[in-house]
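What follows is the content of data.cif (mmCIF, C-alpha atoms).
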```cif
data_work
#
loop_
_atom_site.label_atom_id
_atom_site.label_comp_id
_atom_site.auth_asym_id
_atom_site.auth_seq_id
_atom_site.Cartn_x
_atom_site.Cartn_y
_atom_site.Cartn_z
CA MET A 1 96.27 70.02 147.52
CA ILE A 2 95.07 71.45 144.24
CA PRO A 3 92.86 68.68 142.79
CA ALA A 4 94.21 66.91 139.70
CA ASP A 5 90.74 66.14 138.38
CA PRO A 6 89.85 68.92 135.89
CA LEU A 7 86.34 69.53 137.20
CA GLU A 8 87.42 69.56 140.83
CA ARG A 9 90.31 71.84 139.96
CA ALA A 10 87.84 74.14 138.20
CA ALA A 11 85.66 74.08 141.33
CA THR A 12 88.66 75.03 143.50
CA ALA A 13 89.49 77.85 141.08
CA ALA A 14 85.87 79.03 141.26
CA GLU A 15 85.90 78.98 145.05
CA TYR A 16 89.17 80.88 144.98
CA VAL A 17 87.62 83.55 142.76
CA ILE A 18 84.37 83.89 144.73
CA GLY A 19 86.26 83.73 148.01
CA THR A 20 84.92 80.72 149.92
CA LEU A 21 88.23 78.88 150.36
CA SER A 22 89.75 78.77 153.82
CA VAL A 23 92.79 80.98 154.36
CA ALA A 24 95.10 77.96 153.99
CA GLU A 25 93.42 76.75 150.79
CA HIS A 26 93.41 80.28 149.39
CA ASP A 27 97.14 80.65 150.06
CA GLU A 28 97.77 77.30 148.44
CA VAL A 29 96.09 78.51 145.25
CA VAL A 30 98.03 81.78 145.37
CA GLN A 31 101.29 79.85 145.63
CA ALA A 32 100.41 77.30 142.95
CA LEU A 33 99.11 79.84 140.43
CA PRO A 34 102.39 81.12 138.96
CA ARG A 35 103.49 77.57 138.15
CA ASP A 36 100.17 75.95 137.20
CA ALA A 37 98.98 76.99 133.74
CA GLY A 38 95.78 74.93 133.98
CA LEU A 39 94.83 76.52 137.27
CA GLN A 40 95.55 79.95 135.82
CA GLN A 41 93.20 79.22 132.94
CA ASP A 42 90.50 78.11 135.35
CA VAL A 43 90.87 81.24 137.46
CA TYR A 44 90.66 83.55 134.46
CA PHE A 45 87.69 81.54 133.17
CA TRP A 46 85.75 82.16 136.37
CA GLN A 47 86.80 85.78 136.69
CA ASP A 48 85.26 86.45 133.31
CA LYS A 49 82.24 84.17 133.53
CA LEU A 50 81.11 85.50 136.91
CA LEU A 51 81.91 89.13 136.15
CA ALA A 52 78.37 89.91 135.00
CA MET A 53 77.12 89.24 138.55
CA THR A 54 78.91 92.40 139.71
CA ARG A 55 76.20 94.31 137.83
CA MET A 56 73.49 93.12 140.21
CA LEU A 57 74.13 96.09 142.48
CA ALA A 58 73.30 99.70 141.79
CA PRO A 59 76.46 101.78 141.30
CA VAL A 60 77.65 103.86 144.26
CA GLU A 61 79.80 106.96 143.88
CA PRO A 62 82.87 106.87 146.13
CA SER A 63 83.93 110.19 147.61
CA PRO A 64 86.34 112.20 145.43
CA ALA A 65 88.91 111.93 148.22
CA VAL A 66 89.48 108.27 147.37
CA TRP A 67 91.33 108.96 144.15
CA SER A 68 93.35 111.75 145.78
CA ARG A 69 94.46 109.32 148.46
CA ILE A 70 95.37 106.67 145.90
CA GLU A 71 97.45 109.21 144.01
CA LEU A 72 99.11 110.41 147.17
CA SER A 73 100.02 106.86 148.17
CA LEU A 74 101.42 106.16 144.71
CA ASN A 75 103.57 109.26 144.83
CA GLN A 76 104.76 108.54 148.35
CA ALA A 77 105.61 105.00 147.34
CA LYS A 78 107.47 106.33 144.32
CA ALA A 79 109.42 108.74 146.47
CA GLY A 80 110.22 105.90 148.86
CA GLY A 81 111.04 103.66 145.94
CA SER A 82 109.09 100.79 147.44
CA ALA A 83 105.99 100.46 145.36
CA ALA A 84 107.18 100.73 141.81
CA PRO A 85 104.96 98.40 139.82
CA SER A 86 106.09 94.80 139.91
CA GLN A 87 108.22 93.93 136.94
CA PRO A 88 106.24 92.35 134.15
CA TRP A 89 108.02 89.55 132.31
CA TRP A 90 108.97 91.70 129.35
CA GLU A 91 110.27 94.56 131.46
CA GLY A 92 113.53 92.78 132.12
CA LEU A 93 113.97 92.25 128.41
CA THR A 94 113.25 95.89 127.64
CA PHE A 95 115.66 97.00 130.26
CA TRP A 96 118.43 94.85 128.91
CA ARG A 97 117.66 95.78 125.35
CA PHE A 98 117.68 99.49 126.17
CA GLY A 99 120.62 98.97 128.43
CA ALA A 100 122.57 97.26 125.68
CA ALA A 101 121.52 99.84 123.10
CA PHE A 102 122.49 102.65 125.41
CA ALA A 103 125.80 101.00 126.18
CA SER A 104 126.60 100.67 122.50
CA VAL A 105 125.65 104.29 121.90
CA LEU A 106 128.03 105.24 124.67
CA ALA A 107 130.74 103.08 123.19
CA VAL A 108 130.34 104.78 119.83
CA VAL A 109 130.29 108.19 121.48
CA PHE A 110 133.49 107.46 123.37
CA ALA A 111 135.11 106.10 120.23
CA LEU A 112 134.13 109.22 118.32
CA GLN A 113 135.20 111.41 121.17
CA LEU A 114 138.74 110.10 120.79
CA THR A 115 138.66 111.32 117.23
CA GLY A 116 137.12 114.59 118.38
CA LYS A 117 133.90 114.39 116.41
CA VAL A 118 131.27 114.32 119.14
CA GLU A 119 131.04 115.84 122.58
CA ALA A 120 130.66 113.30 125.38
CA PRO A 121 127.49 113.10 127.45
CA VAL A 122 129.03 114.22 130.70
CA PRO A 123 127.11 112.83 133.68
CA GLY A 124 125.08 115.64 135.19
CA THR A 125 124.81 117.58 131.95
CA ARG A 126 121.39 119.22 131.93
CA TYR A 127 119.26 119.57 128.88
CA LEU A 128 116.21 121.78 128.50
CA ALA A 129 113.54 121.96 125.86
CA VAL A 130 110.61 124.31 125.68
CA LEU A 131 107.72 122.60 123.93
CA GLN A 132 105.70 125.04 121.85
CA SER A 133 102.56 124.69 119.82
CA PRO A 134 103.41 124.10 116.14
CA ASP A 135 102.46 127.70 115.34
CA LYS A 136 104.92 128.84 118.08
CA GLN A 137 102.15 130.96 119.62
CA ASP A 138 102.03 129.06 122.83
CA ALA A 139 104.71 127.52 125.07
CA GLY A 140 102.93 124.70 126.88
CA TRP A 141 105.54 122.47 128.50
CA ILE A 142 109.15 122.31 129.60
CA VAL A 143 111.35 119.23 129.41
CA GLU A 144 114.24 119.14 131.80
CA ALA A 145 116.63 116.18 131.94
CA SER A 146 120.10 115.42 133.16
CA VAL A 147 122.40 112.65 132.04
CA GLY A 148 122.14 109.76 134.46
CA GLY A 149 119.13 111.28 136.25
CA LYS A 150 115.50 111.99 135.64
CA LEU A 151 113.59 113.66 132.89
CA ARG A 152 110.82 115.96 134.07
CA LEU A 153 108.02 117.06 131.78
CA ILE A 154 106.55 120.17 133.36
CA PRO A 155 103.22 121.70 132.29
CA LEU A 156 103.06 125.48 132.14
CA GLY A 157 99.26 125.26 132.30
CA THR A 158 96.62 122.63 131.70
CA THR A 159 96.38 121.25 128.20
CA THR A 160 92.77 120.57 127.26
CA VAL A 161 92.25 116.98 126.28
CA ALA A 162 88.93 115.93 124.76
CA PRO A 163 87.07 112.96 126.22
CA GLN A 164 88.38 109.62 124.93
CA LYS A 165 91.68 111.25 124.09
CA ALA A 166 95.02 111.32 125.86
CA LEU A 167 98.34 113.11 125.63
CA GLN A 168 101.20 110.92 124.48
CA PHE A 169 104.79 111.94 124.95
CA TRP A 170 107.44 111.10 122.34
CA THR A 171 111.09 111.67 121.70
CA LYS A 172 113.20 111.42 118.58
CA ALA A 173 116.96 111.60 118.48
CA LYS A 174 118.58 113.97 115.97
CA ASP A 175 119.12 111.27 113.38
CA ALA A 176 116.49 108.70 114.37
CA SER A 177 113.97 107.74 111.71
CA ALA A 178 110.93 107.56 114.01
CA PRO A 179 109.93 108.83 117.44
CA THR A 180 109.88 106.58 120.48
CA SER A 181 106.88 106.68 122.81
CA LEU A 182 107.55 107.72 126.38
CA GLY A 183 103.98 106.91 127.42
CA LEU A 184 100.78 108.75 128.13
CA VAL A 185 101.05 111.77 130.41
CA PRO A 186 98.51 113.63 132.53
CA PRO A 187 97.62 117.04 131.05
CA ASP A 188 98.01 118.97 134.27
CA ARG A 189 100.90 117.51 136.25
CA VAL A 190 104.62 116.92 136.18
CA THR A 191 105.67 113.56 134.75
CA GLU A 192 109.01 112.05 135.71
CA ILE A 193 110.85 109.47 133.65
CA ASP A 194 114.20 107.83 134.28
CA VAL A 195 116.63 109.07 131.67
CA ALA A 196 117.85 105.46 131.48
CA ASN A 197 114.52 104.69 129.77
CA LEU A 198 115.14 107.14 126.95
CA PRO A 199 116.73 105.82 123.78
CA VAL A 200 119.26 108.67 124.04
CA LEU A 201 119.67 112.11 125.59
CA GLU A 202 121.48 114.67 123.49
CA ARG A 203 121.44 118.15 122.03
CA GLU A 204 118.72 118.96 119.51
CA GLN A 205 116.76 115.92 120.49
CA LEU A 206 113.09 116.32 119.63
CA PHE A 207 110.37 115.97 122.26
CA GLU A 208 106.70 116.19 121.35
CA LEU A 209 103.21 115.71 122.71
CA THR A 210 100.49 114.40 120.44
CA LEU A 211 96.78 113.88 120.92
CA GLU A 212 96.02 110.16 120.76
CA PRO A 213 93.20 107.73 121.60
CA GLU A 214 92.87 107.44 125.38
CA THR A 215 94.76 104.17 125.48
CA GLY A 216 97.59 105.60 123.41
CA SER A 217 98.57 105.29 119.78
CA PRO A 218 97.66 101.80 118.59
CA ILE A 219 100.60 101.63 116.17
CA GLY A 220 103.53 102.84 118.25
CA ARG A 221 103.92 106.01 116.19
CA PRO A 222 102.09 109.31 116.57
CA THR A 223 98.69 109.19 114.88
CA GLY A 224 97.13 112.38 116.19
CA PRO A 225 97.97 116.06 115.82
CA ILE A 226 101.16 117.41 117.40
CA LEU A 227 100.13 119.74 120.21
CA TYR A 228 103.59 120.78 121.42
CA LEU A 229 107.14 120.15 120.34
CA GLY A 230 110.64 121.40 120.96
CA ARG A 231 114.32 120.47 120.81
CA THR A 232 116.83 120.24 123.63
CA VAL A 233 119.61 122.68 124.35
CA VAL A 234 122.40 122.20 126.88
CA ALA A 235 121.48 124.12 130.02
CA SER A 236 124.58 123.44 132.07
CA ALA A 237 127.38 120.94 132.41
CA ARG A 238 128.94 120.06 135.69
CA MET B 1 97.64 128.27 126.38
CA SER B 2 94.28 126.59 125.88
CA PRO B 3 91.74 127.37 128.60
CA ALA B 4 91.78 124.93 131.47
CA LEU B 5 88.91 122.53 131.81
CA PRO B 6 86.37 123.46 134.46
CA GLY B 7 87.59 120.43 136.38
CA LEU B 8 88.76 116.90 135.75
CA THR B 9 85.76 115.52 137.61
CA THR B 10 83.44 117.02 135.06
CA MET B 11 85.43 115.56 132.24
CA THR B 12 85.56 112.10 133.75
CA THR B 13 81.86 112.03 134.55
CA GLU B 14 81.14 112.66 130.90
CA THR B 15 83.36 109.76 129.88
CA ASP B 16 82.07 107.34 132.51
CA ASP B 17 80.21 105.11 130.13
CA LEU B 18 82.56 105.31 127.19
CA PRO B 19 84.48 102.16 126.38
CA LEU B 20 88.00 101.79 127.73
CA ASP B 21 90.52 99.23 126.57
CA PHE B 22 91.06 97.79 130.03
CA GLU B 23 93.68 95.31 128.84
CA ALA B 24 95.86 98.04 127.34
CA ALA B 25 95.31 100.24 130.39
CA LEU B 26 96.33 97.50 132.82
CA LEU B 27 99.45 96.71 130.78
CA ARG B 28 100.34 100.40 130.91
CA CYS B 29 99.96 100.34 134.68
CA ALA B 30 102.58 97.61 134.68
CA GLN B 31 104.86 100.02 132.83
CA GLY B 32 104.33 102.71 135.43
CA ASP B 33 101.71 104.84 133.73
CA GLN B 34 99.59 106.35 136.50
CA TYR B 35 97.27 107.92 133.99
CA ALA B 36 96.19 104.44 132.92
CA LEU B 37 95.37 103.54 136.52
CA ARG B 38 93.28 106.66 136.77
CA ALA B 39 91.43 105.78 133.56
CA ILE B 40 90.53 102.40 135.06
CA TYR B 41 89.48 104.03 138.31
CA GLU B 42 87.32 106.65 136.64
CA ARG B 43 85.59 104.15 134.46
CA GLU B 44 84.89 101.49 137.01
CA ARG B 45 84.88 103.22 140.40
CA ARG B 46 81.11 103.31 140.97
CA TRP B 47 80.65 99.63 140.20
CA LEU B 48 83.67 98.63 142.24
CA MET B 49 82.43 100.77 145.11
CA ALA B 50 79.03 99.04 144.96
CA THR B 51 80.72 95.63 145.01
CA VAL B 52 82.95 96.49 147.96
CA LEU B 53 80.25 98.33 149.91
CA ARG B 54 77.88 95.37 149.65
CA ILE B 55 80.57 93.12 151.12
CA VAL B 56 82.00 95.31 153.88
CA ARG B 57 78.77 97.31 154.46
CA ARG B 58 80.45 100.45 155.85
CA ARG B 59 81.17 103.29 153.51
CA GLU B 60 84.35 104.43 155.20
CA LEU B 61 85.78 100.94 155.20
CA ALA B 62 84.68 100.41 151.60
CA GLU B 63 86.64 103.49 150.53
CA GLU B 64 89.68 102.28 152.39
CA VAL B 65 89.40 98.92 150.63
CA LEU B 66 89.05 100.65 147.26
CA HIS B 67 92.20 102.67 147.98
CA ASP B 68 94.19 99.61 149.04
CA ALA B 69 92.90 97.57 146.12
CA PHE B 70 94.02 100.19 143.60
CA LEU B 71 97.51 100.22 145.05
CA GLN B 72 97.49 96.47 144.72
CA ILE B 73 96.27 96.66 141.10
CA TRP B 74 99.17 99.04 140.45
CA ARG B 75 101.75 96.76 142.03
CA LYS B 76 100.41 93.51 140.62
CA ALA B 77 99.54 94.73 137.11
CA GLY B 78 102.61 92.96 135.72
CA SER B 79 101.20 89.59 136.70
CA TYR B 80 98.05 90.05 134.60
CA ASN B 81 98.13 87.82 131.53
CA PRO B 82 96.01 89.24 128.69
CA ARG B 83 96.09 85.93 126.82
CA LEU B 84 94.08 84.20 129.54
CA GLY B 85 91.23 86.59 130.13
CA SER B 86 89.90 90.09 130.52
CA ALA B 87 91.51 92.82 132.56
CA ARG B 88 88.19 93.70 134.16
CA GLY B 89 87.78 90.16 135.43
CA TRP B 90 91.28 90.35 136.91
CA ILE B 91 90.59 93.75 138.48
CA TYR B 92 87.37 92.59 140.14
CA THR B 93 89.14 89.60 141.65
CA VAL B 94 91.79 91.86 143.18
CA VAL B 95 89.17 94.25 144.53
CA ARG B 96 86.76 91.57 145.78
CA HIS B 97 89.55 89.66 147.52
CA ARG B 98 90.65 92.84 149.22
CA ALA B 99 87.08 93.44 150.40
CA LEU B 100 86.80 89.85 151.66
CA ASN B 101 90.04 90.25 153.61
CA ALA B 102 88.64 93.35 155.26
CA LEU B 103 85.34 91.61 155.99
CA ARG B 104 87.00 88.52 157.49
CA ALA B 105 89.22 90.80 159.58
CA ILE B 106 86.29 92.60 161.19
CA SER B 107 83.91 89.70 161.59
CA ASN B 108 83.06 86.30 160.40
CA SER B 109 80.17 86.00 162.78
CA PRO B 110 77.48 83.95 161.12
CA GLU B 111 74.22 85.73 161.59
CA ARG B 112 71.01 85.64 159.72
CA ASP B 113 69.80 88.84 158.10
CA ASP B 114 66.57 88.27 156.22
CA GLU B 115 66.16 91.84 155.10
CA ARG B 116 69.54 91.79 153.45
CA HIS B 117 68.80 88.43 151.91
CA GLU B 118 65.56 89.76 150.50
CA GLU B 119 67.48 92.66 148.92
CA LEU B 120 69.83 90.22 147.26
CA MET B 121 67.01 88.11 145.87
CA GLU B 122 65.30 91.22 144.51
CA ALA B 123 68.56 92.45 142.96
CA HIS B 124 69.04 89.05 141.37
CA ALA B 125 65.51 89.04 139.94
CA ALA B 126 65.92 92.55 138.53
CA TRP B 127 69.32 91.66 137.09
CA GLN B 128 67.92 88.58 135.38
CA SER B 129 65.27 90.57 133.59
CA VAL B 130 67.77 92.96 131.97
CA ASP B 131 69.09 91.54 128.75
CA ASP B 132 72.39 93.35 128.26
CA SER B 133 75.08 90.98 126.98
CA ALA B 134 75.54 87.44 125.76
CA GLU B 135 77.90 86.68 128.64
CA LYS B 136 75.39 87.92 131.17
CA ARG B 137 72.56 85.97 129.50
CA ALA B 138 74.56 82.76 129.62
CA LEU B 139 75.39 83.26 133.28
CA ALA B 140 71.81 84.17 134.22
CA GLN B 141 70.46 81.12 132.41
CA CYS B 142 73.00 78.76 133.95
CA LEU B 143 72.30 80.14 137.43
CA GLU B 144 68.61 79.68 136.75
CA ARG B 145 69.17 76.00 136.09
CA LEU B 146 70.78 75.42 139.48
CA GLU B 147 68.72 74.07 142.32
CA GLU B 148 67.36 76.93 144.42
CA GLN B 149 69.64 76.35 147.42
CA ARG B 150 72.78 75.95 145.33
CA ARG B 151 71.96 79.15 143.47
CA GLN B 152 71.32 81.09 146.66
CA SER B 153 74.56 79.81 148.17
CA VAL B 154 76.57 80.94 145.15
CA LEU B 155 74.87 84.35 145.15
CA LEU B 156 75.44 84.86 148.86
CA ALA B 157 79.09 83.91 148.50
CA PHE B 158 79.73 86.06 145.45
CA VAL B 159 77.64 89.18 145.98
CA ASP B 160 77.60 89.35 149.78
CA GLY B 161 81.04 87.80 150.17
CA TYR B 162 79.71 85.33 152.74
CA SER B 163 81.89 82.57 154.11
CA HIS B 164 80.59 78.98 154.27
CA GLU B 165 79.58 79.62 157.88
CA GLN B 166 77.67 82.76 157.03
CA VAL B 167 75.86 81.09 154.12
CA ALA B 168 74.96 78.20 156.44
CA ALA B 169 73.56 80.60 159.03
CA GLN B 170 71.57 82.53 156.46
CA LEU B 171 70.06 79.45 154.83
CA GLY B 172 69.67 77.53 158.09
CA ALA B 173 71.55 74.52 156.75
CA PRO B 174 74.44 72.44 158.13
CA LEU B 175 77.92 73.66 157.20
CA GLY B 176 78.86 70.49 155.30
CA THR B 177 75.69 70.71 153.24
CA VAL B 178 76.40 74.33 152.32
CA LYS B 179 79.98 73.53 151.32
CA SER B 180 78.65 70.86 149.01
CA TRP B 181 75.90 73.13 147.60
CA ILE B 182 78.48 75.73 146.67
CA ARG B 183 81.00 73.33 145.22
CA ARG B 184 78.47 71.21 143.31
CA GLY B 185 76.70 74.37 142.22
CA LEU B 186 79.94 75.72 140.78
CA ILE B 187 80.71 72.46 138.98
CA ALA B 188 77.23 72.49 137.45
CA LEU B 189 77.80 76.13 136.42
CA LYS B 190 81.10 75.21 134.83
CA GLU B 191 79.48 72.47 132.77
CA CYS B 192 76.67 74.77 131.75
CA LEU B 193 78.96 77.72 130.87
CA SER B 194 81.67 75.80 129.01
#
```
Rewrite the coordinates I just gave you, this time as structure tokens.
Amino acid sequence: MIPADPLERAATAAEYVIGTLSVAEHDEVVQALPRDAGLQQDVYFWQDKLLAMTRMLAPVEPSPAVWSRIELSLNQAKAGGSAAPSQPWWEGLTFWRFGAAFASVLAVVFALQLTGKVEAPVPGTRYLAVLQSPDKQDAGWIVEASVGGKLRLIPLGTTTVAPQKALQFWTKAKDASAPTSLGLVPPDRVTEIDVANLPVLEREQLFELTLEPETGSPIGRPTGPILYLGRTVVASAR
Amino acid sequence: MSPALPGLTTMTTETDDLPLDFEAALLRCAQGDQYALRAIYERERRWLMATVLRIVRRRELAEEVLHDAFLQIWRKAGSYNPRLGSARGWIYTVVRHRALNALRAISNSPERDDERHEELMEAHAAWQSVDDSAEKRALAQCLERLEEQRRQSVLLAFVDGYSHEQVAAQLGAPLGTVKSWIRRGLIALKECLS
């Protein structure tokens, strides 16, 4: 039983955090946590209050292989589809919002198609964009995406990113007023994104990479210099 | 194309001590941004490794725990609630719990190790004398106010990851007494820290 008395409950939360509960008691806390806001507060309280004790030990460098193994496991899990991050509470909302927005875009497209004004996004249609530096001297990245599939952002080399900075990937539809963030991307590896997560995929859609603070633009719009940009062309239609 | 960096390792070593918005990074992990997970790893790996190594004692096992814990951080990131507390606190709980699991799986044999205990007491004394943050000061002072045995029990449980049985063996006290030292010690800490 999780104690009802606030101090005893706090003591149970503390023992949960430090790890002295029995397996059964520990599991009980784990099960109660999602439904017990008071217990959650206690647990977070202790996590933060005791954190300074972790600085009692001298730091130890793990071998560089550890990160490589983490990355490998993440990619294997992704390929197997089993270890996608658990859905945060807002993710469902985003999905439905995007889903609904995408559905209405499709509806408009189909309506327009009947009147012959817009070409339909045929499933399997592939789009390509070469992202160049603004002075067009340097082609740094390729974007490849197919309707109903994945978008791949492929580096042609390694983009140098200063410490405390990160590369943020954006897209902007032909007639959108502002770009949408597609997240931070590593400077030296392929990034894959489900096309379903894009606001739209069409011809002449803009993709760009900007240099942002390492945790990403704080305002949801690009704040740093554009490093690379380019627009999509249709590569092939099935 | 801009010249490639000499190596990511070099870059990350230089940024080791720079501040990272851990909350934002953890939320980005929940959205599937592996780069954010790497930022957390790079910034905190040496401290996390020290924490895990102290608990499980073997380097190889510690690295395995670190690996497993980071996969767990990745999978569970969506359950972190930024309104309730810091992301670092949340991350350490995930990692410490993983280390404790590994420790309990290999042994829970209560044995006394005075050399190790001495190390802990020295580390605690050194830690106390460094005045680095208000949070740390408050914790150090509140620990200081605990009775000696309660304080040692809490330290052994937190830093060494000892179970009640192991704390009892180390301090040469009955199990029930140790359980009460830890629990009462924590309640006293709560009152002092709140």
Q: Please provide as number ranges by chain all residues within 9 Å of range 169-171 of chain B, with the sequence filter that same-chain residues fewer than 4 positions apart are discarded (counting all atoms listed in the file).
A: B: 110-114, 117, 149, 152-153, 156, 164-165, 175, 178
Keeping only C-alpha atoms, write those residues as a compact mmCIF listing (two decimals), in the coordinates of the input.
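Below you can see part_12.txt, which holds the result:
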```
# COMPACT_ATOMS: atom_id res chain seq x y z
CA PRO B 110 77.48 83.95 161.12
CA GLU B 111 74.22 85.73 161.59
CA ARG B 112 71.01 85.64 159.72
CA ASP B 113 69.80 88.84 158.10
CA ASP B 114 66.57 88.27 156.22
CA HIS B 117 68.80 88.43 151.91
CA GLN B 149 69.64 76.35 147.42
CA GLN B 152 71.32 81.09 146.66
CA SER B 153 74.56 79.81 148.17
CA LEU B 156 75.44 84.86 148.86
CA HIS B 164 80.59 78.98 154.27
CA GLU B 165 79.58 79.62 157.88
CA LEU B 175 77.92 73.66 157.20
CA VAL B 178 76.40 74.33 152.32
```
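In this structure, CA of Ala145 in chain A sits 15.5 Å away from CA of Leu229 in chain A.
Taking all atoms listed in the file into account, chain A lies nearest to B:Leu84 out of the set B:Leu189, B:Val130, B:Leu84, B:Leu26.
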**Q.** Residue list for chain A near chain B as a PyMOL selection string, 8 Å, only C-alpha atoms
**A.** chain A and resi 7-8+10-11+14-15+17-20+40-41+44-45+47-63+66-67+69-70+73-74+83-89+91+138-140+157-160+163-164+183-186+214-215
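Taking CA of Ile154 in chain A and CA of Leu167 in chain A as the two end points, the separation is 13.3 Å.
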Q | Between CA of Ser107 in chain B and CA of Ser68 in chain A, distance in Å (one decimal) | A | 28.7 Å
**Q.** Distance query Leu206 in chain A at most 9 Å, all atoms listed in the file, self and fewer than 3 positions along chain excluded, as a ChimeraX atom specification
**A.** /A:129,170-174,179,203,229-232
